[in-house]
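Colleague: The following block contains the structure, expressed as structure tokens.
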Amino acid sequence: MRRFTAIICLLTGFMGTAFAQSGYPYTQVPFTSVKITPGTFWGDRIRAAREVTIPLAFSKCESEHRYKNFEMAAYTLQHPGHPGLQTPEWNVAKFMGFSFDDTDVYKTIEGASYVLQTFPDAKLKAYIDSVLDVVGAAQESDGYLYTARTINPEHPHGWAADKRWAAEEHASHELYNLGHMVDAACAHYQATGSDKFLNIAKRYADCVIKEVGAGEGQACVVPGHQIAEMALARLYVLTGEKKYLDEAKFLLDYRGKTKIKNIYSQSDKPVVDQTEAWGHAVRAGYMYAGMADVAALLGDSTYIKAIDTIYENIVSKKYYLTGGVGARHQGEAFGADYELPNLTAYNETCAAISMVYLFERMFLLHGDAKYIDCLERTLYNGVISGMSVDGGKFFYPNPLSSDGHYRFNADNTMTRQPWFGCACCPSNLCRFIPSMPGYVYGVRNNNLYVNLFAANTATIKVNGKDVTLEETTQYPWDGDISIKVLQNKAKQFNMLVRIPGWVQSKVVPSDLYAFNDDIFSTYEVSVNGQRVEGELENGYLVINRNWKKGDVIRIHFDMPVRTVVANPRVSDDRGRIAVERGPLVYCAEWADNEGINPHHLLLARQPKFEVEASYGIQNTEGDGKTFNVTAITAQAQEASVTPEGKLTAKDVRVKLIPYYAWNHRGAGKMDVWLARSLSGLED
């Protein structure tokens with residue numbers, strides 16, 4: 001097998017490499033080096049993905065005809081001119097809901113590949129191999145693989161056009177399909193060592209390079225839905241073949257220069273001239289991450305300046321407290337500055353995932369803990385809210401308030417669904433959740449960064465030498481973390497422990513949100529019982545020593561309940577207050593507050609809270625099992641209007657649960673932002 005010189009990262013992106021000298025200055029420790037401890041917060045989520053979500057997604061690929069699309073395309077290739085092609089009635093739209101349905105197969109394979117690396121499974125590996133036989137048979141002789149056209153070239157899917165690429169900037173998703181295929185193929189190669197999928201993906205990528213570009217006879221188009229940019233950069237890192245990076249750069253450079261200029265897909269102007277997040281939030285997040293990849297590999301300062309500016313716009317004006325983005329249902333899009341409605345918030349699960357990709361890359365570029373602070377907020381609130389704790393049901397939008405309905409859903413209800421016709425969110429969670437271990441650590445030269453806190457065992461290369469750590473913690477339920485050195489061949493190095501922004505009384509790295517109490521959290525870090533002092537460097541406490549086997553770092557973060565207010569320019573949150581504890585945002589839901597309307601609650605400006613560990617929530621909407629969370633109770637008042645029109649209030653005791661855990665007991669009222677004055681009450 002060919003020897004690759006690249007260092008691969010199994011996330012949707014990559015790390016710096018031996019041949020890419022101008023790559024990211026900070027390196028992501030790949031998820032294959034980090035083993036999350038079973039039975040812990042993240043261990044349970046990865047188990048749910050492995051045992052429920054991924055098998056469910058594969059079963060849906062069967063029942064929803066995803067595999068059938070490839071089989072039908074293969075039949076057309078094997079029987080050219082068969083009678084079905086002579087009539088428009090044999091139209092691909094009759095068999096395929098969306099032109100990007102192929103990606104459900106790719107994303108599920110990607111997630112399964114991550115799982116394979118951690119949990120070897122010969123049966124699963126063989127199953128994926130059989131699926132790849134079906135996928136490969138649908139590939140045309142020149143590498144083109146897009147079943148929405150190949151099934152019936154004369155009458156392709158309605159979102160495609162009469163020839164390749166002609167509708168790419170509109171809705172064909174030919175390049176979007178390529179992107180997810182390449183990502184999945186890279187993951188599959190690393191997990192299995194097989195180049196079966198990688199060769200399929202490279203052939204399609206080579207077809208794109210030949211046919212899409214600014215040269216004579218090429219289709220000068222850019223993706224209508226971005227992600228190919230990230231994937232092609234990743235393929236370059238994996239193979240060392242610069243043609244893939246060049247194509248990624250073309251797809252970015254020509255935005256705003258082709259025929260279609262549309263703010264919805266961020267093609268209204270060149271990427272280096274864009275200064276704010278606008279348009280479809282998922283497309284935008286993927287594009288910004290792709291810009292960071294290309295900027296790092298090519299050392300392009302104009303790209304870096306552009307994404308720095310866009311990042312600041314997001315976290316200072318367009319970022320929900322839960323870490324979600326995409327205020328508008330129309331266009332699944334970012335809104336205007338400070339446009340952050342709660343009841344109608346879209347906050348697509350895929351958009352939250354795209355923000356994790358972006359925030360991680362911002363850290364890899366700049367090495368500042370503030371980017372991981374944002375990543376953590378999005379991860380613990382905006383991402384995992386999209387999947388039920390048992391792994392079997394999903395949210396597409398993630399609003400911060402609910403009356404039991406969501407007027408943009410087809411059935412007007414607000415409950416997680418077992419699947420969607422447009423299944424991008426469930427299949428995206430398939431590939432994302434198992435990759436979470438890759439976000440825990442980072443390295444640069446002699447520095448090892450502890451970015452996220454999760455029970456795990458990891459073997460990390462520091463200056464090319466192995467360092468093995470064992471981390472134990474119940475985070476996010478408490479702020480106690482222990483890191484034990486099991487092996488150290490690097491001897492002396494710096495361990496940099498992130499001190500989260502919430503510990504330093506910073507909600508986000510901007511003035512969009514602020515804590516609204518007089519509580520001052522503290523932290524303590526010790527090595528072998530000796531307290532470590534020192535000024536923070538970019539949000540990290542630096543510990544330099546000649547580490548020995550058996551050394552133990554103990555970290556303690558105070559985890560008080562905190563109250564948050566929004567910038568007054570966020571009109572929907574005026575007169576309102578939110579509650580957080582550690583990295584978790586809390587909400588009041590009907591199921592925990594019998595007879596109380598969360599929309600009519602009034603919290604005191606400085607409420608007193610009680611913390612309740614191991615509060616049980618029965619998942620009546622799923623497997624029926626009870627899972628435990630840390631809940632919060634507080635005294636409040638419930639306002640009401642008498643029949644005579646008189647406003648009254650009564651004292652009540654309200655219980656709050658983590659936002660990600662809501663809606664496991666059916667649709668009903670829920671609020672993240674609770675009124676603290678009469679002006680904040682909902683009608």
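We name chains A, B, ... following the order of the structure tokens; residues begin at 1 in each chain, and ligands are numbered from 1 as shown.
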Which residues are near A:Ala138? Cut-off 10 Å, only C-alpha atoms, ignore same chain within fewer than 2 positions. Put them as an NGL selection string.

Modeller: :A and (69-78 or 132-136 or 140-141 or 143-147 or 150-151)

Colleague: Please determine, counting only C-alpha atoms, which residue among A:His82, A:Lys650, A:Arg576, A:Lys125 has the shortest atom-to-atom distance to A:Ala675.

Modeller: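 The closest residue to A:Ala675 is A:Arg576.
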
Colleague: Residues within 12 Å of A:His65, please, as an MDAnalysis selection string. Count only C-alpha atoms; anything in the same chain fewer than 3 positions from it doesn't count.

Modeller: chainID A and resid 57:62 68:72 92 94:98 101:102 104:105 147 421

Colleague: Looking only at the backbone, which of the residues in stretch 136-282 of chain A does DSSP tag as helix (DSSP H, G or I), as an mmCIF file with N, CA, C and O atoms, in the first residue's frame?

Modeller:
```
data_model
loop_
_atom_site.group_PDB
_atom_site.id
_atom_site.type_symbol
_atom_site.label_atom_id
_atom_site.label_comp_id
_atom_site.auth_asym_id
_atom_site.auth_seq_id
_atom_site.Cartn_x
_atom_site.Cartn_y
_atom_site.Cartn_z
ATOM 1 N N GLY A 136 -19.790 1.940 -5.770
ATOM 2 C CA GLY A 136 -18.820 1.931 -6.863
ATOM 3 C C GLY A 136 -19.430 1.549 -8.198
ATOM 4 O O GLY A 136 -19.004 2.051 -9.253
ATOM 5 N N ALA A 137 -20.441 0.678 -8.177
ATOM 6 C CA ALA A 137 -21.068 0.251 -9.433
ATOM 7 C C ALA A 137 -21.811 1.391 -10.112
ATOM 8 O O ALA A 137 -22.089 1.316 -11.321
ATOM 9 N N THR A 147 -25.958 10.030 -8.649
ATOM 10 C CA THR A 147 -27.055 9.185 -9.096
ATOM 11 C C THR A 147 -28.257 9.988 -9.568
ATOM 12 O O THR A 147 -29.055 9.501 -10.370
ATOM 13 N N ALA A 148 -28.402 11.210 -9.087
ATOM 14 C CA ALA A 148 -29.538 12.032 -9.498
ATOM 15 C C ALA A 148 -29.538 12.302 -10.994
ATOM 16 O O ALA A 148 -30.577 12.650 -11.561
ATOM 17 N N ARG A 149 -28.406 12.153 -11.651
ATOM 18 C CA ARG A 149 -28.343 12.275 -13.108
ATOM 19 C C ARG A 149 -28.174 10.917 -13.778
ATOM 20 O O ARG A 149 -28.818 10.610 -14.784
ATOM 21 N N THR A 150 -27.312 10.098 -13.214
ATOM 22 C CA THR A 150 -26.948 8.851 -13.881
ATOM 23 C C THR A 150 -28.131 7.907 -14.022
ATOM 24 O O THR A 150 -28.226 7.154 -14.996
ATOM 25 N N GLU A 174 -24.030 18.602 -6.920
ATOM 26 C CA GLU A 174 -23.021 17.662 -7.417
ATOM 27 C C GLU A 174 -21.722 17.769 -6.614
ATOM 28 O O GLU A 174 -21.095 16.759 -6.279
ATOM 29 N N LEU A 175 -21.298 18.998 -6.328
ATOM 30 C CA LEU A 175 -20.056 19.184 -5.576
ATOM 31 C C LEU A 175 -20.255 18.945 -4.085
ATOM 32 O O LEU A 175 -19.325 18.528 -3.384
ATOM 33 N N TYR A 176 -21.436 19.190 -3.589
ATOM 34 C CA TYR A 176 -21.753 18.860 -2.197
ATOM 35 C C TYR A 176 -21.644 17.350 -2.002
ATOM 36 O O TYR A 176 -21.078 16.873 -1.011
ATOM 37 N N ASN A 177 -22.181 16.586 -2.937
ATOM 38 C CA ASN A 177 -22.063 15.133 -2.873
ATOM 39 C C ASN A 177 -20.598 14.713 -2.878
ATOM 40 O O ASN A 177 -20.195 13.818 -2.128
ATOM 41 N N LEU A 178 -19.802 15.360 -3.714
ATOM 42 C CA LEU A 178 -18.372 15.066 -3.754
ATOM 43 C C LEU A 178 -17.743 15.288 -2.383
ATOM 44 O O LEU A 178 -16.958 14.466 -1.904
ATOM 45 N N GLY A 179 -18.080 16.410 -1.749
ATOM 46 C CA GLY A 179 -17.465 16.735 -0.475
ATOM 47 C C GLY A 179 -17.702 15.677 0.577
ATOM 48 O O GLY A 179 -16.766 15.230 1.262
ATOM 49 N N HIS A 180 -18.946 15.251 0.730
ATOM 50 C CA HIS A 180 -19.232 14.236 1.742
ATOM 51 C C HIS A 180 -18.636 12.883 1.359
ATOM 52 O O HIS A 180 -18.235 12.108 2.232
ATOM 53 N N MET A 181 -18.566 12.595 0.075
ATOM 54 C CA MET A 181 -17.940 11.351 -0.354
ATOM 55 C C MET A 181 -16.463 11.329 0.026
ATOM 56 O O MET A 181 -15.955 10.340 0.581
ATOM 57 N N VAL A 182 -15.769 12.425 -0.238
ATOM 58 C CA VAL A 182 -14.339 12.493 0.053
ATOM 59 C C VAL A 182 -14.088 12.395 1.551
ATOM 60 O O VAL A 182 -13.191 11.664 2.007
ATOM 61 N N ASP A 183 -14.856 13.132 2.349
ATOM 62 C CA ASP A 183 -14.682 13.056 3.797
ATOM 63 C C ASP A 183 -14.861 11.628 4.299
ATOM 64 O O ASP A 183 -14.081 11.134 5.121
ATOM 65 N N ALA A 184 -15.902 10.975 3.831
ATOM 66 C CA ALA A 184 -16.173 9.607 4.272
ATOM 67 C C ALA A 184 -15.083 8.653 3.809
ATOM 68 O O ALA A 184 -14.678 7.750 4.547
ATOM 69 N N ALA A 185 -14.592 8.849 2.598
ATOM 70 C CA ALA A 185 -13.556 7.964 2.062
ATOM 71 C C ALA A 185 -12.250 8.106 2.842
ATOM 72 O O ALA A 185 -11.561 7.107 3.105
ATOM 73 N N CYS A 186 -11.905 9.331 3.224
ATOM 74 C CA CYS A 186 -10.696 9.540 4.028
ATOM 75 C C CYS A 186 -10.833 8.849 5.383
ATOM 76 O O CYS A 186 -9.896 8.198 5.869
ATOM 77 N N ALA A 187 -12.001 8.991 6.004
ATOM 78 C CA ALA A 187 -12.236 8.348 7.296
ATOM 79 C C ALA A 187 -12.177 6.830 7.167
ATOM 80 O O ALA A 187 -11.578 6.138 8.002
ATOM 81 N N HIS A 188 -12.780 6.309 6.124
ATOM 82 C CA HIS A 188 -12.808 4.862 5.919
ATOM 83 C C HIS A 188 -11.405 4.322 5.690
ATOM 84 O O HIS A 188 -11.038 3.259 6.206
ATOM 85 N N TYR A 189 -10.597 5.060 4.945
ATOM 86 C CA TYR A 189 -9.220 4.619 4.695
ATOM 87 C C TYR A 189 -8.438 4.531 6.001
ATOM 88 O O TYR A 189 -7.744 3.553 6.274
ATOM 89 N N GLN A 190 -8.529 5.557 6.829
ATOM 90 C CA GLN A 190 -7.758 5.548 8.065
ATOM 91 C C GLN A 190 -8.245 4.469 9.017
ATOM 92 O O GLN A 190 -7.453 3.842 9.715
ATOM 93 N N ALA A 191 -9.538 4.239 9.040
ATOM 94 C CA ALA A 191 -10.088 3.262 9.978
ATOM 95 C C ALA A 191 -9.780 1.836 9.568
ATOM 96 O O ALA A 191 -9.576 0.968 10.423
ATOM 97 N N THR A 192 -9.755 1.566 8.264
ATOM 98 C CA THR A 192 -9.654 0.184 7.789
ATOM 99 C C THR A 192 -8.360 -0.133 7.054
ATOM 100 O O THR A 192 -8.000 -1.300 6.915
ATOM 101 N N LYS A 196 -10.420 1.151 -0.971
ATOM 102 C CA LYS A 196 -11.551 0.889 -1.858
ATOM 103 C C LYS A 196 -12.418 2.131 -2.042
ATOM 104 O O LYS A 196 -12.730 2.528 -3.178
ATOM 105 N N PHE A 197 -12.821 2.759 -0.951
ATOM 106 C CA PHE A 197 -13.650 3.960 -1.032
ATOM 107 C C PHE A 197 -12.807 5.151 -1.467
ATOM 108 O O PHE A 197 -13.261 6.012 -2.221
ATOM 109 N N LEU A 198 -11.580 5.199 -1.001
ATOM 110 C CA LEU A 198 -10.700 6.313 -1.350
ATOM 111 C C LEU A 198 -10.505 6.398 -2.858
ATOM 112 O O LEU A 198 -10.520 7.490 -3.439
ATOM 113 N N ASN A 199 -10.347 5.274 -3.508
ATOM 114 C CA ASN A 199 -10.162 5.282 -4.962
ATOM 115 C C ASN A 199 -11.420 5.758 -5.681
ATOM 116 O O ASN A 199 -11.335 6.462 -6.697
ATOM 117 N N ILE A 200 -12.584 5.390 -5.169
ATOM 118 C CA ILE A 200 -13.835 5.881 -5.756
ATOM 119 C C ILE A 200 -13.897 7.399 -5.638
ATOM 120 O O ILE A 200 -14.216 8.116 -6.602
ATOM 121 N N ALA A 201 -13.587 7.899 -4.456
ATOM 122 C CA ALA A 201 -13.655 9.334 -4.214
ATOM 123 C C ALA A 201 -12.618 10.090 -5.036
ATOM 124 O O ALA A 201 -12.898 11.174 -5.566
ATOM 125 N N LYS A 202 -11.428 9.554 -5.139
ATOM 126 C CA LYS A 202 -10.389 10.229 -5.931
ATOM 127 C C LYS A 202 -10.782 10.303 -7.396
ATOM 128 O O LYS A 202 -10.523 11.311 -8.070
ATOM 129 N N ARG A 203 -11.426 9.272 -7.901
ATOM 130 C CA ARG A 203 -11.848 9.293 -9.303
ATOM 131 C C ARG A 203 -12.881 10.392 -9.538
ATOM 132 O O ARG A 203 -12.844 11.071 -10.565
ATOM 133 N N TYR A 204 -13.804 10.566 -8.579
ATOM 134 C CA TYR A 204 -14.786 11.641 -8.737
ATOM 135 C C TYR A 204 -14.092 13.000 -8.603
ATOM 136 O O TYR A 204 -14.381 13.934 -9.355
ATOM 137 N N ALA A 205 -13.185 13.116 -7.658
ATOM 138 C CA ALA A 205 -12.458 14.371 -7.488
ATOM 139 C C ALA A 205 -11.654 14.704 -8.742
ATOM 140 O O ALA A 205 -11.604 15.867 -9.178
ATOM 141 N N ASP A 206 -11.037 13.711 -9.342
ATOM 142 C CA ASP A 206 -10.271 13.943 -10.573
ATOM 143 C C ASP A 206 -11.182 14.379 -11.713
ATOM 144 O O ASP A 206 -10.811 15.221 -12.542
ATOM 145 N N CYS A 207 -12.390 13.809 -11.758
ATOM 146 C CA CYS A 207 -13.373 14.227 -12.757
ATOM 147 C C CYS A 207 -13.730 15.693 -12.568
ATOM 148 O O CYS A 207 -13.808 16.463 -13.534
ATOM 149 N N VAL A 208 -13.927 16.093 -11.320
ATOM 150 C CA VAL A 208 -14.258 17.488 -11.030
ATOM 151 C C VAL A 208 -13.114 18.404 -11.443
ATOM 152 O O VAL A 208 -13.330 19.459 -12.057
ATOM 153 N N ILE A 209 -11.898 18.028 -11.124
ATOM 154 C CA ILE A 209 -10.735 18.853 -11.483
ATOM 155 C C ILE A 209 -10.655 19.035 -12.997
ATOM 156 O O ILE A 209 -10.337 20.122 -13.500
ATOM 157 N N LYS A 210 -10.963 17.992 -13.716
ATOM 158 C CA LYS A 210 -10.916 18.055 -15.174
ATOM 159 C C LYS A 210 -12.023 18.940 -15.741
ATOM 160 O O LYS A 210 -11.797 19.700 -16.703
ATOM 161 N N GLU A 211 -13.204 18.905 -15.140
ATOM 162 C CA GLU A 211 -14.365 19.537 -15.753
ATOM 163 C C GLU A 211 -14.779 20.867 -15.131
ATOM 164 O O GLU A 211 -15.503 21.646 -15.762
ATOM 165 N N ALA A 228 -17.234 20.883 -0.345
ATOM 166 C CA ALA A 228 -16.182 20.299 -1.181
ATOM 167 C C ALA A 228 -14.840 20.960 -0.899
ATOM 168 O O ALA A 228 -13.785 20.317 -1.014
ATOM 169 N N GLU A 229 -14.858 22.241 -0.526
ATOM 170 C CA GLU A 229 -13.609 22.955 -0.264
ATOM 171 C C GLU A 229 -12.849 22.302 0.891
ATOM 172 O O GLU A 229 -11.638 22.079 0.824
ATOM 173 N N MET A 230 -13.571 22.019 1.977
ATOM 174 C CA MET A 230 -12.964 21.352 3.127
ATOM 175 C C MET A 230 -12.456 19.965 2.748
ATOM 176 O O MET A 230 -11.356 19.558 3.114
ATOM 177 N N ALA A 231 -13.282 19.237 2.019
ATOM 178 C CA ALA A 231 -12.962 17.849 1.698
ATOM 179 C C ALA A 231 -11.761 17.747 0.761
ATOM 180 O O ALA A 231 -10.890 16.876 0.943
ATOM 181 N N LEU A 232 -11.698 18.612 -0.247
ATOM 182 C CA LEU A 232 -10.571 18.559 -1.178
ATOM 183 C C LEU A 232 -9.269 18.935 -0.488
ATOM 184 O O LEU A 232 -8.208 18.371 -0.781
ATOM 185 N N ALA A 233 -9.339 19.884 0.441
ATOM 186 C CA ALA A 233 -8.140 20.217 1.218
ATOM 187 C C ALA A 233 -7.716 19.010 2.054
ATOM 188 O O ALA A 233 -6.521 18.704 2.177
ATOM 189 N N ARG A 234 -8.678 18.327 2.602
ATOM 190 C CA ARG A 234 -8.384 17.123 3.387
ATOM 191 C C ARG A 234 -7.764 16.040 2.514
ATOM 192 O O ARG A 234 -6.833 15.340 2.932
ATOM 193 N N LEU A 235 -8.268 15.904 1.298
ATOM 194 C CA LEU A 235 -7.729 14.902 0.385
ATOM 195 C C LEU A 235 -6.291 15.233 0.011
ATOM 196 O O LEU A 235 -5.452 14.338 -0.146
ATOM 197 N N TYR A 236 -5.998 16.510 -0.108
ATOM 198 C CA TYR A 236 -4.612 16.927 -0.348
ATOM 199 C C TYR A 236 -3.719 16.523 0.816
ATOM 200 O O TYR A 236 -2.615 15.992 0.628
ATOM 201 N N VAL A 237 -4.182 16.758 2.026
ATOM 202 C CA VAL A 237 -3.399 16.401 3.209
ATOM 203 C C VAL A 237 -3.143 14.895 3.247
ATOM 204 O O VAL A 237 -2.060 14.440 3.596
ATOM 205 N N LEU A 238 -4.138 14.141 2.870
ATOM 206 C CA LEU A 238 -4.016 12.682 2.903
ATOM 207 C C LEU A 238 -3.070 12.162 1.828
ATOM 208 O O LEU A 238 -2.254 11.276 2.079
ATOM 209 N N THR A 239 -3.157 12.706 0.621
ATOM 210 C CA THR A 239 -2.418 12.143 -0.506
ATOM 211 C C THR A 239 -1.167 12.918 -0.887
ATOM 212 O O THR A 239 -0.278 12.386 -1.540
ATOM 213 N N LYS A 242 -1.203 18.020 -4.890
ATOM 214 C CA LYS A 242 -1.571 19.425 -4.770
ATOM 215 C C LYS A 242 -2.758 19.809 -5.646
ATOM 216 O O LYS A 242 -3.420 20.826 -5.399
ATOM 217 N N LYS A 243 -3.073 19.007 -6.635
ATOM 218 C CA LYS A 243 -4.197 19.343 -7.508
ATOM 219 C C LYS A 243 -5.498 19.466 -6.712
ATOM 220 O O LYS A 243 -6.373 20.257 -7.073
ATOM 221 N N TYR A 244 -5.611 18.719 -5.638
ATOM 222 C CA TYR A 244 -6.831 18.785 -4.838
ATOM 223 C C TYR A 244 -6.910 20.101 -4.062
ATOM 224 O O TYR A 244 -7.975 20.713 -3.961
ATOM 225 N N LEU A 245 -5.783 20.549 -3.540
ATOM 226 C CA LEU A 245 -5.749 21.844 -2.858
ATOM 227 C C LEU A 245 -6.004 22.975 -3.850
ATOM 228 O O LEU A 245 -6.714 23.940 -3.542
ATOM 229 N N ASP A 246 -5.441 22.865 -5.037
ATOM 230 C CA ASP A 246 -5.658 23.894 -6.059
ATOM 231 C C ASP A 246 -7.134 24.010 -6.412
ATOM 232 O O ASP A 246 -7.650 25.121 -6.608
ATOM 233 N N GLU A 247 -7.815 22.878 -6.503
ATOM 234 C CA GLU A 247 -9.241 22.916 -6.832
ATOM 235 C C GLU A 247 -10.038 23.532 -5.689
ATOM 236 O O GLU A 247 -10.985 24.298 -5.920
ATOM 237 N N ALA A 248 -9.668 23.203 -4.458
ATOM 238 C CA ALA A 248 -10.339 23.812 -3.312
ATOM 239 C C ALA A 248 -10.172 25.324 -3.347
ATOM 240 O O ALA A 248 -11.128 26.075 -3.084
ATOM 241 N N LYS A 249 -8.989 25.784 -3.671
ATOM 242 C CA LYS A 249 -8.719 27.221 -3.742
ATOM 243 C C LYS A 249 -9.547 27.863 -4.856
ATOM 244 O O LYS A 249 -10.104 28.961 -4.689
ATOM 245 N N PHE A 250 -9.662 27.205 -5.990
ATOM 246 C CA PHE A 250 -10.489 27.728 -7.081
ATOM 247 C C PHE A 250 -11.941 27.878 -6.637
ATOM 248 O O PHE A 250 -12.576 28.913 -6.897
ATOM 249 N N LEU A 251 -12.479 26.862 -5.968
ATOM 250 C CA LEU A 251 -13.883 26.899 -5.560
ATOM 251 C C LEU A 251 -14.157 28.041 -4.591
ATOM 252 O O LEU A 251 -15.287 28.542 -4.519
ATOM 253 N N LEU A 252 -13.146 28.465 -3.853
ATOM 254 C CA LEU A 252 -13.293 29.611 -2.964
ATOM 255 C C LEU A 252 -13.023 30.928 -3.689
ATOM 256 O O LEU A 252 -13.774 31.900 -3.542
ATOM 257 N N ASP A 253 -11.970 30.956 -4.455
ATOM 258 C CA ASP A 253 -11.565 32.205 -5.118
ATOM 259 C C ASP A 253 -12.611 32.731 -6.086
ATOM 260 O O ASP A 253 -12.712 33.946 -6.293
ATOM 261 N N ILE A 263 -26.548 35.917 -2.056
ATOM 262 C CA ILE A 263 -26.147 36.002 -0.651
ATOM 263 C C ILE A 263 -26.547 34.754 0.121
ATOM 264 O O ILE A 263 -25.905 34.393 1.110
ATOM 265 N N TYR A 264 -27.581 34.065 -0.341
ATOM 266 C CA TYR A 264 -28.038 32.830 0.297
ATOM 267 C C TYR A 264 -26.910 31.808 0.382
ATOM 268 O O TYR A 264 -26.735 31.131 1.387
ATOM 269 N N SER A 265 -26.125 31.700 -0.688
ATOM 270 C CA SER A 265 -25.022 30.737 -0.719
ATOM 271 C C SER A 265 -23.664 31.422 -0.620
ATOM 272 O O SER A 265 -22.644 30.860 -1.023
ATOM 273 N N VAL A 271 -14.879 35.885 -1.368
ATOM 274 C CA VAL A 271 -14.829 35.523 0.047
ATOM 275 C C VAL A 271 -13.953 36.481 0.849
ATOM 276 O O VAL A 271 -14.236 36.750 2.026
ATOM 277 N N VAL A 272 -12.909 37.020 0.248
ATOM 278 C CA VAL A 272 -12.022 37.917 0.996
ATOM 279 C C VAL A 272 -12.659 39.278 1.227
ATOM 280 O O VAL A 272 -12.144 40.076 2.028
ATOM 281 N N ASP A 273 -13.771 39.554 0.559
ATOM 282 C CA ASP A 273 -14.481 40.819 0.754
ATOM 283 C C ASP A 273 -15.671 40.679 1.695
ATOM 284 O O ASP A 273 -16.360 41.663 1.972
ATOM 285 N N ALA A 281 -26.954 29.167 6.927
ATOM 286 C CA ALA A 281 -25.961 29.057 7.994
ATOM 287 C C ALA A 281 -25.048 27.842 7.821
ATOM 288 O O ALA A 281 -23.863 27.916 8.152
ATOM 289 N N VAL A 282 -25.563 26.732 7.334
ATOM 290 C CA VAL A 282 -24.728 25.546 7.166
ATOM 291 C C VAL A 282 -23.730 25.773 6.037
ATOM 292 O O VAL A 282 -22.531 25.499 6.179
#
```

Colleague: Write out as a list in words each polymer residue whose atoms come within 10 Å of A:Ala591, counting only C-alpha atoms; drop sequence neighbours fewer than 5 positions from it.

Modeller: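 In the requested form, the answer reads Ile596, Ile617, Lys655, Trp662, Asn663, His664, Arg665, Gly666, Ala667, Gly668, Lys669 and Met670 of chain A.
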
Colleague: Report as a ChimeraX atom specification all protein, DNA and RNA residues lying within 7 Å of A:Thr457, evaluated on only C-alpha atoms, omitting residues in the same chain fewer than 3 positions from it.

Modeller: /A:34-36,469-471

Colleague: Go through stretch 437-490 of chain A residue by residue and, counting only C-alpha atoms, keep those with an atom at most 10 Å from stretch 521-537 of chain A; for each kept residue give the shortest atom pair and its distance in Å to one decimal, ordered by chain and increasing number, as a tab-separated table.

Modeller:
```
residue	atom	partner	partner_atom	distance
A:Gly479	CA	A:Tyr523	CA	8.9
A:Asp480	CA	A:Glu524	CA	9.6
A:Ile481	CA	A:Val525	CA	9.4
A:Ser482	CA	A:Ser526	CA	9.7
A:Ile483	CA	A:Val527	CA	9.4
A:Lys484	CA	A:Val527	CA	9.6
```

Colleague: How many Å lie between atom CA of A:Glu154 and atom CA of A:Leu85, rounded to one decimal?

Modeller: 6.7 Å

Colleague: Excluding A:Thr302 and its own-chain neighbours fewer than 4 positions away, which residues fall within 12 Å of it when counting only C-alpha atoms? Please give them as a list in words.

Modeller: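 The neighbour list is Asp253, Pro270, Val271, Val272, Asp273, Gln274, Thr275, Met291, Ala292, Val294, Ala295, Ala296, Leu298, Ala306, Ile307, Asp308 and Thr309 of chain A.
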
Colleague: Given only C-alpha atoms, how would the per-residue table for stretch 598-635 of chain A near stretch 492-516 of chain A read, listing every residue at most 12 Å away with its closest atom pair and distance in Å to one decimal, sorted by chain and number, as JSON lines?

Modeller:
```
{"residue": "A:Ala604", "atom": "CA", "partner": "A:Asn516", "partner_atom": "CA", "distance": 11.4}
{"residue": "A:Arg605", "atom": "CA", "partner": "A:Asn516", "partner_atom": "CA", "distance": 8.1}
{"residue": "A:Gln606", "atom": "CA", "partner": "A:Asn516", "partner_atom": "CA", "distance": 8.1}
{"residue": "A:Pro607", "atom": "CA", "partner": "A:Asn516", "partner_atom": "CA", "distance": 10.6}
```

Colleague: With only C-alpha atoms as the atoms that count, which of A:Cys422, A:Arg569, A:Gly392, A:Gly299 lies nearest to A:Ser316?

Modeller: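 Of all the options, A:Arg569 lies closest to A:Ser316.
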
Colleague: Using only C-alpha atoms, which of the listed residues (A:Arg377, A:Asp403, A:Ala333, A:Ile227) sits closest to A:Ser354?

Modeller: A:Ile227

Colleague: Give me, as a PyMOL selection string, the residues of stretch 433-522 of chain A that a backbone DSSP run labels strand (DSSP E).

Modeller: chain A and resi 441-444+447-450+456-462+465-473+480-488+492-498+513-515
